[in-house]
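Asker: final.csv is the file, holding CSV, C-alpha atoms:
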```csv
chain,number,residue,atom,x,y,z
A,741,MET,CA,-20.8,36.7,-35.4
A,742,ILE,CA,-23.8,38.5,-34.0
A,743,ARG,CA,-27.5,38.3,-34.8
A,744,LYS,CA,-28.2,40.6,-37.7
A,745,ASP,CA,-31.2,42.2,-36.1
A,746,MET,CA,-29.1,43.5,-33.3
A,747,ASN,CA,-28.0,46.1,-35.8
A,748,ILE,CA,-24.4,46.3,-34.6
A,749,ALA,CA,-21.7,47.1,-37.2
A,750,GLU,CA,-18.5,45.3,-37.6
A,751,GLY,CA,-16.0,46.3,-34.9
A,752,ASP,CA,-18.5,48.5,-33.0
A,753,TRP,CA,-17.7,47.2,-29.5
A,754,ASP,CA,-19.3,50.2,-27.9
A,755,ALA,CA,-22.7,49.3,-29.4
A,756,PHE,CA,-22.1,45.7,-28.4
A,757,LYS,CA,-21.2,46.6,-24.9
A,758,ALA,CA,-24.4,48.7,-24.7
A,759,ALA,CA,-26.4,45.7,-25.8
A,760,VAL,CA,-24.8,43.6,-23.2
A,761,ASP,CA,-25.5,46.2,-20.5
A,762,ALA,CA,-29.1,46.4,-21.7
A,763,GLY,CA,-29.5,42.7,-21.5
A,764,LYS,CA,-28.1,42.6,-18.1
A,765,ALA,CA,-30.4,45.4,-16.9
A,766,SER,CA,-33.4,43.6,-18.2
A,767,GLY,CA,-32.4,40.2,-16.9
A,768,ASN,CA,-32.3,38.9,-20.5
A,769,LEU,CA,-28.6,38.2,-20.9
A,770,ILE,CA,-27.0,38.1,-24.4
A,771,LYS,CA,-26.4,34.5,-25.2
A,772,MET,CA,-23.1,33.5,-26.8
A,773,GLY,CA,-22.9,30.1,-28.3
A,774,GLY,CA,-19.6,28.2,-28.8
A,775,VAL,CA,-17.7,25.0,-28.4
A,776,LEU,CA,-16.4,25.2,-24.8
A,777,ALA,CA,-14.4,22.0,-24.2
A,778,ALA,CA,-10.9,21.7,-25.5
A,779,SER,CA,-11.5,24.7,-27.7
A,780,THR,CA,-8.8,27.2,-28.7
A,781,ASN,CA,-11.6,29.4,-30.1
A,782,TYR,CA,-13.4,29.7,-26.8
A,783,VAL,CA,-10.3,30.7,-24.8
A,784,LEU,CA,-9.6,33.4,-27.4
A,785,CYS,CA,-13.2,34.6,-27.4
A,786,TYR,CA,-13.4,34.6,-23.6
A,787,ASP,CA,-10.3,36.6,-23.2
A,788,THR,CA,-11.3,39.0,-25.9
A,789,LEU,CA,-14.6,39.7,-24.1
A,790,VAL,CA,-12.7,40.3,-20.9
A,791,ALA,CA,-10.3,42.7,-22.6
A,792,LYS,CA,-13.4,44.6,-23.9
A,793,GLY,CA,-14.7,45.0,-20.4
A,794,ILE,CA,-17.3,42.2,-20.6
A,795,ASP,CA,-17.2,39.4,-18.0
A,796,PRO,CA,-18.4,36.2,-19.7
A,797,GLU,CA,-19.2,34.7,-16.3
A,798,THR,CA,-21.7,37.4,-15.3
A,799,ASP,CA,-22.5,39.8,-18.1
A,800,ILE,CA,-23.6,37.3,-20.7
A,801,GLU,CA,-24.9,33.7,-20.8
A,802,VAL,CA,-22.5,31.2,-22.4
A,803,VAL,CA,-24.3,28.3,-24.2
A,804,ASN,CA,-22.3,25.2,-25.1
A,805,LEU,CA,-22.8,24.3,-28.7
A,806,PRO,CA,-20.3,21.4,-29.0
A,807,ILE,CA,-20.8,20.8,-32.7
A,808,PHE,CA,-19.5,23.6,-35.0
A,809,PRO,CA,-21.8,22.7,-37.9
A,810,GLU,CA,-24.8,23.4,-35.7
A,811,HIS,CA,-23.7,27.0,-35.0
A,812,PRO,CA,-25.4,28.8,-38.0
A,813,GLY,CA,-28.7,27.0,-37.2
A,814,ALA,CA,-28.6,27.9,-33.6
A,815,LEU,CA,-28.1,31.6,-34.4
A,816,GLU,CA,-30.8,31.4,-37.1
A,817,ARG,CA,-33.3,29.9,-34.7
A,818,GLY,CA,-32.6,32.5,-32.0
A,819,GLU,CA,-31.2,30.0,-29.6
A,820,VAL,CA,-28.2,32.3,-29.2
A,821,ASP,CA,-27.6,35.9,-30.0
A,822,MET,CA,-24.0,35.6,-31.0
A,823,LEU,CA,-21.5,32.9,-31.9
A,824,CYS,CA,-17.9,32.3,-31.0
A,825,SER,CA,-17.3,30.1,-34.1
A,826,THR,CA,-14.9,29.5,-36.9
A,827,GLU,CA,-14.8,29.0,-40.7
A,828,PRO,CA,-16.6,27.9,-42.7
A,829,PHE,CA,-19.5,28.5,-40.3
A,830,ASN,CA,-19.0,32.2,-40.0
A,831,THR,CA,-19.2,32.6,-43.7
A,832,PHE,CA,-22.3,30.4,-43.8
A,833,VAL,CA,-23.9,32.8,-41.3
A,834,TRP,CA,-22.8,35.8,-43.5
A,835,ASP,CA,-23.9,34.1,-46.7
A,836,ARG,CA,-27.4,33.3,-45.3
A,837,ASP,CA,-27.7,36.9,-44.1
A,838,ILE,CA,-28.5,35.8,-40.5
A,839,GLY,CA,-25.6,37.4,-38.8
A,840,THR,CA,-22.9,40.1,-39.0
A,841,PHE,CA,-19.3,39.9,-38.2
A,842,LEU,CA,-18.2,41.7,-35.0
A,843,ASP,CA,-14.5,41.0,-34.7
A,844,THR,CA,-11.7,38.4,-34.7
A,845,PRO,CA,-10.5,37.4,-31.2
A,846,PHE,CA,-6.8,37.8,-32.0
A,847,GLU,CA,-5.7,40.6,-29.7
A,848,THR,CA,-5.2,38.6,-26.6
A,849,GLU,CA,-1.9,37.2,-25.2
A,850,ALA,CA,-2.6,34.0,-27.1
A,851,GLY,CA,-2.3,35.9,-30.4
A,852,ASP,CA,-3.9,34.5,-33.5
A,853,ILE,CA,-3.5,30.8,-32.6
A,854,LEU,CA,-5.8,28.6,-34.6
A,855,GLY,CA,-3.9,25.7,-36.0
A,856,ALA,CA,-1.7,22.9,-35.0
A,857,LEU,CA,-0.4,19.5,-36.2
A,858,ILE,CA,-0.9,16.9,-33.6
A,859,SER,CA,1.0,13.6,-33.2
A,860,THR,CA,2.1,11.5,-30.3
A,861,ASP,CA,5.2,10.9,-28.2
A,862,ARG,CA,5.1,7.3,-29.6
A,863,ASP,CA,5.4,8.6,-33.2
A,864,LEU,CA,8.1,11.1,-32.4
A,865,GLN,CA,10.3,8.7,-30.5
A,866,ASP,CA,10.2,5.8,-33.1
A,867,PRO,CA,12.8,6.5,-35.8
A,868,GLU,CA,10.8,5.2,-38.7
A,869,ARG,CA,7.6,6.9,-37.6
A,870,ARG,CA,9.5,10.1,-37.0
A,871,GLU,CA,10.9,10.0,-40.5
A,872,ALA,CA,7.4,9.3,-41.8
A,873,LEU,CA,6.1,12.4,-39.9
A,874,LYS,CA,8.9,14.5,-41.5
A,875,ARG,CA,8.0,13.4,-45.0
A,876,TRP,CA,4.3,14.0,-44.3
A,877,MET,CA,5.1,17.5,-43.1
A,878,ARG,CA,7.2,18.1,-46.3
A,879,VAL,CA,4.2,17.2,-48.3
A,880,VAL,CA,1.9,19.5,-46.3
A,881,ILE,CA,4.4,22.4,-46.5
A,882,ALA,CA,4.7,22.0,-50.3
A,883,ILE,CA,0.9,22.1,-50.6
A,884,MET,CA,0.6,25.1,-48.3
A,885,GLU,CA,3.1,27.0,-50.5
A,886,ASP,CA,1.0,26.0,-53.6
A,887,LEU,CA,-2.2,27.3,-51.9
A,888,GLU,CA,-0.5,30.5,-51.0
A,889,ALA,CA,0.9,31.0,-54.5
A,890,ASP,CA,-2.4,30.3,-56.3
A,891,PRO,CA,-5.5,31.2,-54.3
A,892,SER,CA,-7.7,29.8,-57.1
A,893,ILE,CA,-7.0,26.3,-55.9
A,894,ALA,CA,-8.6,26.8,-52.5
A,895,ARG,CA,-11.3,29.1,-54.0
A,896,GLN,CA,-12.4,26.4,-56.4
A,897,TRP,CA,-12.3,23.8,-53.7
A,898,ILE,CA,-14.6,25.9,-51.5
A,899,MET,CA,-17.0,26.5,-54.4
A,900,ASP,CA,-17.1,22.8,-55.4
A,901,THR,CA,-17.4,21.3,-51.9
A,902,MET,CA,-19.5,23.9,-50.1
A,903,GLU,CA,-21.7,25.1,-53.0
A,904,LEU,CA,-20.8,28.7,-52.4
A,905,ASP,CA,-20.5,31.4,-55.0
A,906,GLU,CA,-17.2,33.2,-55.7
A,907,GLU,CA,-18.0,36.1,-53.4
A,908,ALA,CA,-18.6,33.9,-50.4
A,909,ALA,CA,-15.5,31.8,-51.3
A,910,ASN,CA,-13.4,34.9,-51.4
A,911,ARG,CA,-14.7,36.0,-48.0
A,912,MET,CA,-13.9,32.6,-46.6
A,913,LEU,CA,-10.4,32.8,-48.0
A,914,ASP,CA,-9.9,36.2,-46.3
A,915,PHE,CA,-10.1,34.3,-43.0
A,916,ALA,CA,-8.2,31.2,-44.2
A,917,TYR,CA,-4.9,30.2,-42.8
A,918,TRP,CA,-2.6,27.4,-43.7
A,919,ASP,CA,0.5,27.8,-41.5
A,920,PRO,CA,-0.1,26.5,-38.0
A,921,PRO,CA,1.4,29.2,-35.7
A,922,SER,CA,4.8,28.8,-34.1
A,923,ASN,CA,4.9,31.3,-31.3
A,924,LEU,CA,5.6,29.5,-28.0
A,925,ASP,CA,4.5,32.5,-26.0
A,926,HIS,CA,1.1,32.4,-27.6
A,927,LEU,CA,0.8,28.6,-27.1
A,928,ALA,CA,1.8,29.1,-23.4
A,929,ALA,CA,-0.9,31.8,-23.0
A,930,LEU,CA,-3.5,29.5,-24.5
A,931,ALA,CA,-2.5,26.6,-22.2
A,932,ASN,CA,-2.7,29.0,-19.2
A,933,GLY,CA,-6.1,30.1,-20.5
A,934,HIS,CA,-7.5,26.6,-20.4
A,935,PHE,CA,-6.2,26.3,-16.8
A,936,ARG,CA,-7.6,29.6,-15.7
A,937,LEU,CA,-11.0,28.6,-17.1
A,938,GLY,CA,-10.8,25.4,-15.1
A,939,GLN,CA,-10.7,23.2,-18.2
A,940,THR,CA,-7.4,21.4,-17.3
A,941,GLU,CA,-6.1,20.0,-14.1
A,942,ILE,CA,-2.5,21.1,-14.9
A,943,ASP,CA,-1.3,24.4,-16.1
A,944,TRP,CA,0.4,23.2,-19.3
A,945,SER,CA,2.1,26.5,-19.8
A,946,THR,CA,4.5,25.4,-17.2
A,947,ARG,CA,5.2,22.1,-19.0
A,948,MET,CA,5.6,23.3,-22.6
A,949,ASP,CA,8.2,20.7,-23.5
A,950,ASP,CA,5.7,17.9,-22.7
A,951,TRP,CA,3.2,18.9,-25.5
A,952,THR,CA,5.0,21.0,-28.0
A,953,ASP,CA,7.8,20.0,-30.3
A,954,ASP,CA,9.9,22.3,-32.5
A,955,THR,CA,12.6,19.8,-33.4
A,956,LEU,CA,10.8,18.1,-36.2
A,957,LEU,CA,10.3,21.4,-38.1
A,958,ALA,CA,13.8,22.5,-37.3
A,959,GLU,CA,15.2,19.3,-38.8
A,960,ILE,CA,13.1,19.8,-41.9
A,961,LEU,CA,14.3,23.4,-42.4
A,962,ALA,CA,17.9,22.4,-41.7
A,963,GLU,CA,17.8,19.6,-44.3
A,964,GLY,CA,16.4,22.0,-46.8
B,1140,MET,CA,0.8,6.9,-60.4
B,1141,ARG,CA,-2.7,6.5,-59.2
B,1142,ARG,CA,-2.5,2.7,-59.7
B,1143,LEU,CA,0.8,2.6,-57.8
B,1144,PHE,CA,-0.7,4.6,-55.0
B,1145,THR,CA,-3.6,2.2,-54.8
B,1146,ILE,CA,-1.3,-0.8,-54.7
B,1147,LEU,CA,0.8,0.8,-51.9
B,1148,ILE,CA,-2.3,1.4,-49.9
B,1149,ALA,CA,-3.4,-2.2,-50.5
B,1150,LEU,CA,0.0,-3.5,-49.4
B,1151,ALA,CA,-0.2,-1.4,-46.2
B,1152,LEU,CA,-3.7,-2.7,-45.4
B,1153,ILE,CA,-2.7,-6.3,-46.1
B,1154,ALA,CA,0.4,-5.9,-43.8
B,1155,SER,CA,-1.7,-4.4,-41.0
B,1156,ALA,CA,-4.3,-7.2,-41.4
B,1157,CYS,CA,-1.7,-10.0,-41.1
B,1158,GLY,CA,-1.3,-10.1,-37.4
B,1159,ASP,CA,0.9,-7.1,-36.9
B,1160,ASP,CA,0.3,-6.2,-33.2
B,1161,ASP,CA,1.1,-2.6,-33.9
B,1162,THR,CA,-1.4,-1.5,-36.5
B,1163,THR,CA,0.1,1.9,-37.0
B,1164,ALA,CA,3.7,0.8,-37.5
B,1165,THR,CA,4.9,2.6,-40.6
B,1166,THR,CA,5.2,0.1,-43.5
B,1167,THR,CA,8.1,0.3,-45.8
B,1168,THR,CA,8.5,-0.7,-49.4
B,1169,ALA,CA,11.2,0.0,-51.9
B,1170,ALA,CA,8.7,-0.1,-54.8
B,1171,ALA,CA,8.7,3.6,-55.5
B,1172,ALA,CA,12.2,4.3,-54.4
B,1173,ALA,CA,13.2,5.7,-57.7
B,1174,ALA,CA,10.6,8.3,-57.6
B,1175,THR,CA,11.4,9.7,-54.1
B,1176,THR,CA,13.4,12.8,-53.3
B,1177,THR,CA,16.5,12.0,-51.4
B,1178,VAL,CA,17.1,14.0,-48.2
B,1179,PRO,CA,20.6,14.0,-46.8
B,1180,GLY,CA,20.8,11.9,-43.6
B,1181,ASP,CA,17.6,10.0,-44.2
B,1182,PRO,CA,18.1,6.6,-42.7
B,1183,PHE,CA,15.2,5.3,-44.7
B,1184,GLU,CA,16.4,6.5,-48.1
B,1185,GLY,CA,15.0,4.4,-50.9
B,1186,GLN,CA,12.0,3.3,-48.8
B,1187,VAL,CA,8.4,4.5,-49.1
B,1188,LEU,CA,7.0,5.0,-45.6
B,1189,THR,CA,3.3,5.0,-44.6
B,1190,ILE,CA,1.5,7.4,-42.3
B,1191,ARG,CA,-2.1,7.4,-41.2
B,1192,GLN,CA,-3.8,10.8,-40.9
B,1193,ALA,CA,-7.3,12.1,-40.3
B,1194,ALA,CA,-8.5,15.5,-41.6
B,1195,ILE,CA,-12.0,16.8,-40.9
B,1196,ARG,CA,-13.3,18.3,-44.1
B,1197,ALA,CA,-12.8,22.0,-43.1
B,1198,LEU,CA,-11.0,24.7,-45.0
B,1199,PRO,CA,-8.1,25.0,-42.6
B,1200,ASN,CA,-7.3,21.4,-43.2
B,1201,LEU,CA,-7.2,21.7,-47.0
B,1202,PRO,CA,-3.4,20.9,-47.2
B,1203,GLN,CA,-4.0,17.7,-45.4
B,1204,ILE,CA,-7.2,16.9,-47.4
B,1205,LEU,CA,-5.2,17.3,-50.6
B,1206,ALA,CA,-2.1,15.5,-49.3
B,1207,PRO,CA,-3.0,11.8,-49.9
B,1208,ASP,CA,-3.4,12.3,-53.7
B,1209,SER,CA,-0.8,14.9,-54.1
B,1210,PRO,CA,2.2,14.2,-56.3
B,1211,TYR,CA,4.3,15.5,-53.5
B,1212,ALA,CA,3.5,12.3,-51.5
B,1213,GLU,CA,5.3,10.2,-54.2
B,1214,GLU,CA,8.1,12.8,-54.5
B,1215,PHE,CA,8.9,12.6,-50.8
B,1216,GLY,CA,8.4,8.9,-50.5
B,1217,ILE,CA,5.4,8.8,-48.2
B,1218,GLU,CA,2.1,7.0,-48.6
B,1219,ILE,CA,-0.6,8.9,-46.7
B,1220,ILE,CA,-3.7,6.9,-45.7
B,1221,ASP,CA,-6.6,9.2,-44.8
B,1222,VAL,CA,-8.8,7.8,-42.0
B,1223,PRO,CA,-12.4,9.2,-41.9
B,1224,VAL,CA,-13.4,11.0,-38.7
B,1225,SER,CA,-16.2,13.3,-37.7
B,1226,THR,CA,-15.1,15.2,-34.6
B,1227,PRO,CA,-12.0,16.4,-32.8
B,1228,THR,CA,-12.8,13.8,-30.2
B,1229,ASP,CA,-12.2,11.1,-32.9
B,1230,TYR,CA,-8.7,12.7,-33.3
B,1231,VAL,CA,-7.8,12.2,-29.7
B,1232,THR,CA,-9.3,8.7,-29.6
B,1233,GLY,CA,-7.5,7.6,-32.8
B,1234,LEU,CA,-4.2,9.0,-31.8
B,1235,GLY,CA,-4.5,7.6,-28.3
B,1236,ARG,CA,-5.3,4.1,-29.6
B,1237,GLY,CA,-2.6,4.3,-32.2
B,1238,ASP,CA,-5.0,4.2,-35.1
B,1239,LEU,CA,-3.7,7.5,-36.3
B,1240,ASN,CA,-0.2,9.0,-36.5
B,1241,VAL,CA,-1.0,12.7,-37.1
B,1242,VAL,CA,-3.9,15.1,-37.5
B,1243,PRO,CA,-4.4,18.8,-38.2
B,1244,GLY,CA,-6.3,20.5,-35.4
B,1245,THR,CA,-5.8,23.2,-32.7
B,1246,PRO,CA,-3.2,23.3,-29.9
B,1247,SER,CA,-6.1,22.8,-27.4
B,1248,ILE,CA,-6.5,19.3,-28.7
B,1249,ALA,CA,-2.9,18.5,-27.6
B,1250,ILE,CA,-3.5,20.3,-24.3
B,1251,ALA,CA,-6.8,18.5,-23.5
B,1252,GLY,CA,-5.4,15.2,-24.6
B,1253,ARG,CA,-2.3,15.6,-22.4
B,1254,ASP,CA,-4.4,16.6,-19.5
B,1255,SER,CA,-6.4,13.4,-19.8
B,1256,GLY,CA,-3.4,11.2,-20.1
B,1257,VAL,CA,-3.1,10.9,-23.9
B,1258,GLN,CA,0.5,11.7,-24.9
B,1259,LEU,CA,-0.3,14.2,-27.6
B,1260,VAL,CA,2.2,16.7,-29.0
B,1261,ASN,CA,1.8,19.7,-31.2
B,1262,VAL,CA,4.6,19.1,-33.7
B,1263,ALA,CA,4.1,22.5,-35.4
B,1264,ALA,CA,5.6,24.5,-32.6
B,1265,GLY,CA,8.1,26.0,-34.9
B,1266,PRO,CA,8.3,27.9,-38.1
B,1267,MET,CA,6.3,26.0,-40.7
B,1268,SER,CA,8.4,27.2,-43.6
B,1269,SER,CA,11.4,29.4,-44.3
B,1270,ARG,CA,8.9,32.1,-45.2
B,1271,SER,CA,7.3,32.1,-41.8
B,1272,SER,CA,10.4,31.8,-39.7
```
Could you quickly redo this structure as structure tokens?
Answerer:
Amino acid sequence: MIRKDMNIAEGDWDAFKAAVDAGKASGNLIKMGGVLAASTNYVLCYDTLVAKGIDPETDIEVVNLPIFPEHPGALERGEVDMLCSTEPFNTFVWDRDIGTFLDTPFETEAGDILGALISTDRDLQDPERREALKRWMRVVIAIMEDLEADPSIARQWIMDTMELDEEAANRMLDFAYWDPPSNLDHLAALANGHFRLGQTEIDWSTRMDDWTDDTLLAEILAEG
Amino acid sequence: MRRLFTILIALALIASACGDDDTTATTTTAAAAAATTTVPGDPFEGQVLTIRQAAIRALPNLPQILAPDSPYAEEFGIEIIDVPVSTPTDYVTGLGRGDLNVVPGTPSIAIAGRDSGVQLVNVAAGPMSSRSS
């Protein structure tokens, strides 16, 4: 999301690059706010900027905004010029007419990674807890299928809990996802991204089996 | 159904408050066995298991937000206790301490946790449904 008064249309990376160049020439760098630590979002945004010919280290100023709900306010107050954020906060920015959408950061080697289900070695290795996890995932999968089959469930939840109108709820649903991704290549690229950015001591892309598990879902699918 | 669910939660809380060293140990009861869906090969068939989740109130977590009160929980024989949290850091802390069994989040939480010595695992590293396989 970028500040509305920058007058850059959705997807117009040439105009955005020109604004970045102008900011660099004037010594007034474009400021991008985002959650930096342990953030999938930030790795995707960082690599997207690099792919577009913008070096986040030198061409813009990155501002750590560690609390997502504070993102719309930071843009509104002019503390940053753009956000590397997520839903529902992007829609809040759009709904309040303080920013415009530039692009999704899903064209990097990490793909469109956003979601995951996180447990622990301890839970996976204990037979009873493992079974509890499987049952929990069956419940979650069943609900996901209901949400996909009937978008009105999620739309009504958004309208009720976030006090948004139907148009805003529909916009939010356009960017909604229920299925955590499964592509191990994408997950490896993300882990390597954290390492490249100096956020981890270990390159976890070389130790995928330590922190990813596909056996639980495989068992669920096999059991029907 | 709602009353049964409340009773099961109460039983789980009582069990955890009665000197059980491992507060996240899944608690079993046969109370709702008749209502559960039988899965072939399930060694805990006929028992309702308990799991402790946390789900920040954000749209991507809607399946988990709806899960505790979903009829599917009874159908699959699982009591889901939702633990309030505010930030992803609470996820890591809760999982690391054993206060939580599972959370929805992003892969980076597992990566960062692992890098700091908390043995986190992304258990969704596979097709989530037959549709997405």
Asker: Rank nothing, just name the residue among B:Ala1251, B:Gly1244, B:Leu1259, B:Val1224 nearest to Leu1198 of chain B, using all atoms listed in the file.
Answerer: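 Residue with the minimum atom-to-atom distance to Leu1198 of chain B: B:Gly1244.
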Asker: Which residues of chain A are close to chain B, meaning at most 8 Å apart when you count only C-alpha atoms, and how do they look as a ChimeraX atom specification?
Answerer: /A:778-780,827-828,853-863,868-869,871-873,875-876,878-884,894,898,916-924,927,930-931,940-942,944,950-958,961,963
Asker: Using Å and a single decimal, report how far atom CA of Met741 of chain A sits from atom CA of Ala929 of chain A.
Answerer: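 Rounded to one decimal, the two atoms are 24.0 Å apart.
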Asker: For Ala759 of chain A, work out the shell of residues within 9 Å, counting only C-alpha atoms and skipping chain neighbours fewer than 4 positions away, then give it as a ChimeraX atom specification.
Answerer: /A:746,754-755,763-764,770
Asker: Hey, can you check how far atom CA of Trp753 of chain A sits from atom CA of Glu819 of chain A?
Answerer: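 According to the coordinates, atom CA of Trp753 of chain A and atom CA of Glu819 of chain A are separated by 21.9 Å.
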Asker: By how many Å are atom CA of Asp843 of chain A and atom CA of Val760 of chain A apart?
Answerer: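 So the two atoms, atom CA of Asp843 of chain A and atom CA of Val760 of chain A, lie 15.7 Å apart.
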Asker: For Ala814 of chain A, which residue among A:Ile742, A:Thr788, A:Asn768, A:His934 is the nearest when counting all atoms listed in the file?
Answerer: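 Counting all atoms listed in the file, the residue closest to Ala814 of chain A is A:Ile742.
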Asker: If you count all atoms listed in the file, which residues fall within 12 Å of Arg743 of chain A, apart from same-chain ones fewer than 3 positions away, as a ChimeraX atom specification?
Answerer: /A:746-750,756,759,770-773,811-824,830,833-834,836-842
Asker: Counting all atoms listed in the file, which residues sit no farther than 12 Å from the position (-19.1, 31.6, -52.2) in the file's frame? I'd like them as a VMD selection string.
Answerer: chain A and resid 828 831 to 836 894 to 914
Asker: Keeping only C-alpha atoms, write the selected residues as a short mmCIF file (atom, residue, chain, number, x, y, z; two decimals), in the frame of the given file.
Answerer:
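Everything below was put into again.cif:
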```cif
data_model
loop_
_atom_site.label_atom_id
_atom_site.label_comp_id
_atom_site.auth_asym_id
_atom_site.auth_seq_id
_atom_site.Cartn_x
_atom_site.Cartn_y
_atom_site.Cartn_z
CA PRO A 828 -16.60 27.90 -42.70
CA THR A 831 -19.20 32.60 -43.70
CA PHE A 832 -22.30 30.40 -43.80
CA VAL A 833 -23.90 32.80 -41.30
CA TRP A 834 -22.80 35.80 -43.50
CA ASP A 835 -23.90 34.10 -46.70
CA ARG A 836 -27.40 33.30 -45.30
CA ALA A 894 -8.60 26.80 -52.50
CA ARG A 895 -11.30 29.10 -54.00
CA GLN A 896 -12.40 26.40 -56.40
CA TRP A 897 -12.30 23.80 -53.70
CA ILE A 898 -14.60 25.90 -51.50
CA MET A 899 -17.00 26.50 -54.40
CA ASP A 900 -17.10 22.80 -55.40
CA THR A 901 -17.40 21.30 -51.90
CA MET A 902 -19.50 23.90 -50.10
CA GLU A 903 -21.70 25.10 -53.00
CA LEU A 904 -20.80 28.70 -52.40
CA ASP A 905 -20.50 31.40 -55.00
CA GLU A 906 -17.20 33.20 -55.70
CA GLU A 907 -18.00 36.10 -53.40
CA ALA A 908 -18.60 33.90 -50.40
CA ALA A 909 -15.50 31.80 -51.30
CA ASN A 910 -13.40 34.90 -51.40
CA ARG A 911 -14.70 36.00 -48.00
CA MET A 912 -13.90 32.60 -46.60
CA LEU A 913 -10.40 32.80 -48.00
CA ASP A 914 -9.90 36.20 -46.30
#
```
Asker: Out of A:Gly933, A:Pro796, A:Gly751, A:Gly851, which residue has the shortest atom-to-atom distance to Val783 of chain A when counting only C-alpha atoms?
Answerer: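 Among the listed residues, A:Gly933 lies closest to Val783 of chain A.
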Asker: Pick the closest to Asp852 of chain A from A:Ala758, A:Gln939, A:Leu784, A:Phe808: which is it, counting all atoms listed in the file?
Answerer: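 Comparing A:Ala758, A:Gln939, A:Leu784, A:Phe808 against Asp852 of chain A, the winner is A:Leu784.
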